[in-house]
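Undergrad: Quick one: the structure is below, and I'll ask about it shortly.
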Amino acid sequence: MSYIVPIGPYHPALEEPVHARLYTDGEVITDAEVFIGYNHRGIEKLATQKNYIQTLVMVERVCGICSHSHALCYAMACEAIAQMQIPKRAEYIRVIIAELERLHSHYLWEGIALHLIGHDSLFMHTWDDREAIMDILEELTGNRVNYGTCTIGGVRRDITEDQMRKTLEMLDMIEKSNEAVKNILLADKSVAARTAGVGILTTEDALRIGAQGPHARASNVPVDVRIDAPYSSYDDFEFNKVTFETCDVFSRAVVRVLENFESIKIIRQAFEKMPKGPINLGTKIPKIPEGEYMVRHEAPRGQLCYKVVSNGGEFNERVSIHVPTFKNAPTVPVMLRGNTVADAGLIIASIDPCFSCMDR
Amino acid sequence: MQEYKRIFITKDEVVPTAERMKAAGVMLAMIHAYLRKDGKGVVSYEYMVGTGIESYTVDGENVLPSIEPIYDLGAQWPEREIHELMDITFEGSDTSKRLFMPDTMIEGQGHILVTPMDELIKKAHGEE
C-alpha cells in the first residue's frame, strides 16, 4: 500500500520548521520532497536598507547557533572590498570564538541525534558539557549567542589572561568527556543499530549535489574551507580534516565528535601563539568603497558564503548569503529513499539543518 | 585574504564554462544575482578554483540558460531562488514549484528582493 506521509513543518524531531513529504510503499520511503521557506525573514532585502554596522548586527541574527560565523563572513567581505588589513590579534580572537561556536554547535547536534535514537543518558551528558562551552562564550563575549565580537576592522573585545586560563581549563574537561563520548559512540550497540547503514549519502551523490561541511566529510568528501582556502590566520594552526567513509548517520556522528578534538587543538594553539597588539582598526562607521567581494568561512555546518556588493554609498547594494544547509538540504530526499518512516526524523536531522540560516 | 577574481562572460558562455569547470572537478560555490538600476540582471557563477573564487559574471541579461543539467541540485536550488526572489529566468530549470514563497506567488509576484520596500509594506497591509 502506498502512502504520503507529511513531516513538519512542526515536528518533535525538528528544531525549526521545514516540511518533508514522504512517498512510501508500506513503511519504506520510495521518494521524498523537501519544502522550505517557513523562516524566511527577507534579511537580504533588509540589508539593502541598512548601513554596514547595522547590517553586521543584523546578519549576526540570521542564526542563533552560528551567529559569529555570519558576522565574521560579512565583516571579512567588507574588509576585502575596503582592502583593510586587520590586526593579527583580532584574527586570532575571531578564530577562538569561531571554534568555540563549532564546539557548542557539534555538541548540540550530538545531543539531538542521541535523543532521537533513544540514548537519552548520553544526550543529557553532551548537553551538560555544552553548557560549559556556553558559559565560556558568555565569559568571553558577554552573551551565550549573538556574541557581538566581530566588527568591520577587527573585534570589539579582547581576551584577558584570566579568561584564557578559564577557557583552557574548560577545554581540558571537554576533551576528556569528548573522549568518553567517542568511545561510547563507537562501541554502543544501540547507537550502531539506529545509525549504521541508515540514511546513506554516497561520495558520488555528495559531490553531485555539492554537499558541504561535516555532512560532506562524512561522505568521504575532503572539503574544509579552513584548509582549502585559509583565512583569518587559520594557516597558522595545525589541525586535520576529518573524513569518514561509511557515508551514513553513524559516519556523521563520528565526524562531528572527532572534529571537536580538532577545534580544541586550534583554540589551544591560538592561545599559545596569541600575538600582542591592537584588536581593531578603530573605525567606528567604516567607509566601504565601490566594489564587490565574496568570502567563504567554514561554519559549524559547512561552507558559508557571503557576497557583498557596495556602490560606495551608505547602504549595501546587495548582500547575498549562501549557507551550508542550502547545499545540504537537497541531499535529504536521496538519503531518505529506501529507509523506513521511523528513521526519517533522524535522517533529516543528520544533516544538522539550520532552516533559520537557510531561509534567511 | 581569500582570492576573488571576476571574469565577465556572455550568456552563450555560461553552459560551456560550467561544463569546463565540472570536467575539471571544480565545485560551484553559489550563484549570485542582483538587478542594476535599469532593471537588467547581473548574475555571477562563483566557482571554487584552487584556494580562491573565480566569479564568471553575465552583465545585463534577465534570461539565462540553466546549468542544472551540469551541476544538478547544486545549481537548481540557487536558480530557483534567484527566479523566485528576483525574476531572473533560467531556461530549462524547473521553476513550477516555489522554494521560499507561497505557491500563489510564483508568477509575477513575490520578487521581494527587487520590489521597493514601500510597495512590500503596502502589499503586507492589503493596500494594493
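Labels used: A, B, ... for chains in the order of the C-alpha cells, numbers from 1 for residues in each chain, and numbers from 1 for ligands as shown.
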Any idea which chain A residues end up within 6 Å of chain B if we count only C-alpha atoms, as a list in words please?

TA: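 Residues passing the distance filter: Ile36, Gly37, Lys45, Ile209, Gly210, Asp228, Ala229 and Tyr231 of chain A.
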
Undergrad: Please save N, CA and C atoms of the selected residues as a PDB file, in the first residue's frame.

TA:
```pdb
ATOM      1  N   ILE A  36      10.823  24.353   1.886  1.00  0.00           N
ATOM      2  CA  ILE A  36      11.451  25.280   2.842  1.00  0.00           C
ATOM      3  C   ILE A  36      10.764  26.647   2.779  1.00  0.00           C
ATOM      4  N   GLY A  37      11.233  27.583   3.534  1.00  0.00           N
ATOM      5  CA  GLY A  37      10.724  28.957   3.449  1.00  0.00           C
ATOM      6  C   GLY A  37       9.899  29.389   4.652  1.00  0.00           C
ATOM      7  N   LYS A  45      17.008  41.453   1.801  1.00  0.00           N
ATOM      8  CA  LYS A  45      16.304  42.674   1.390  1.00  0.00           C
ATOM      9  C   LYS A  45      16.575  43.793   2.409  1.00  0.00           C
ATOM     10  N   ILE A 209      25.639  16.707  -5.757  1.00  0.00           N
ATOM     11  CA  ILE A 209      24.718  17.720  -5.236  1.00  0.00           C
ATOM     12  C   ILE A 209      25.485  18.909  -4.660  1.00  0.00           C
ATOM     13  N   GLY A 210      26.740  18.682  -4.282  1.00  0.00           N
ATOM     14  CA  GLY A 210      27.548  19.778  -3.743  1.00  0.00           C
ATOM     15  C   GLY A 210      27.413  19.924  -2.241  1.00  0.00           C
ATOM     16  N   ASP A 228      41.315  24.392   2.802  1.00  0.00           N
ATOM     17  CA  ASP A 228      41.323  24.551   1.334  1.00  0.00           C
ATOM     18  C   ASP A 228      41.568  25.999   0.899  1.00  0.00           C
ATOM     19  N   ALA A 229      41.052  26.942   1.649  1.00  0.00           N
ATOM     20  CA  ALA A 229      41.218  28.362   1.289  1.00  0.00           C
ATOM     21  C   ALA A 229      41.374  29.164   2.581  1.00  0.00           C
ATOM     22  N   TYR A 231      41.919  31.530   5.785  1.00  0.00           N
ATOM     23  CA  TYR A 231      41.558  32.929   6.027  1.00  0.00           C
ATOM     24  C   TYR A 231      41.721  33.156   7.519  1.00  0.00           C
TER      25      TYR A 231
END
```

Undergrad: Leaving out region 294-296 of chain A and any residue of its chain fewer than 6 positions from it, which residues lie within 6 Å of it when counting only C-alpha atoms, given as a list in words?

TA: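 So, after excluding close chain neighbours, the residues are Ala77, Leu304, Cys305, Tyr306 and Lys307 of chain A.
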
Undergrad: Please save C-alpha atoms of the selected residues as a PDB file, in the first residue's frame.

TA:
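As a result, selection.pdb now contains:
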```
ATOM      1  CA  ALA A  77      33.733  40.641   2.789  1.00  0.00           C
ATOM      2  CA  LEU A 304      29.177  29.775   4.474  1.00  0.00           C
ATOM      3  CA  CYS A 305      29.436  32.255   1.573  1.00  0.00           C
ATOM      4  CA  TYR A 306      28.860  35.992   1.729  1.00  0.00           C
ATOM      5  CA  LYS A 307      28.967  38.189  -1.317  1.00  0.00           C
TER       6      LYS A 307
END
```

Undergrad: Quick one: residues within 10 Å of Gly41 (chain B), only C-alpha atoms counted, chain neighbours fewer than 3 positions away excluded, as a list of chain:residue names?

TA: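 Close residues of Gly41 (chain B): B:Ala33, B:Tyr34, B:Leu35, B:Arg36, B:Lys37, B:Asp38, B:Ser44, B:Val58, B:Asp59, B:Gly60, B:Glu61, B:Asn62, B:Val63, B:Leu64, B:Met86, B:Asp87, B:Ile88, B:Thr89.
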
Undergrad: Which distance in Å separates CA of Phe355 (chain A) and CA of Leu14 (chain A), to one decimal?

TA: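 Computing it gives 9.7 Å between the two atoms.
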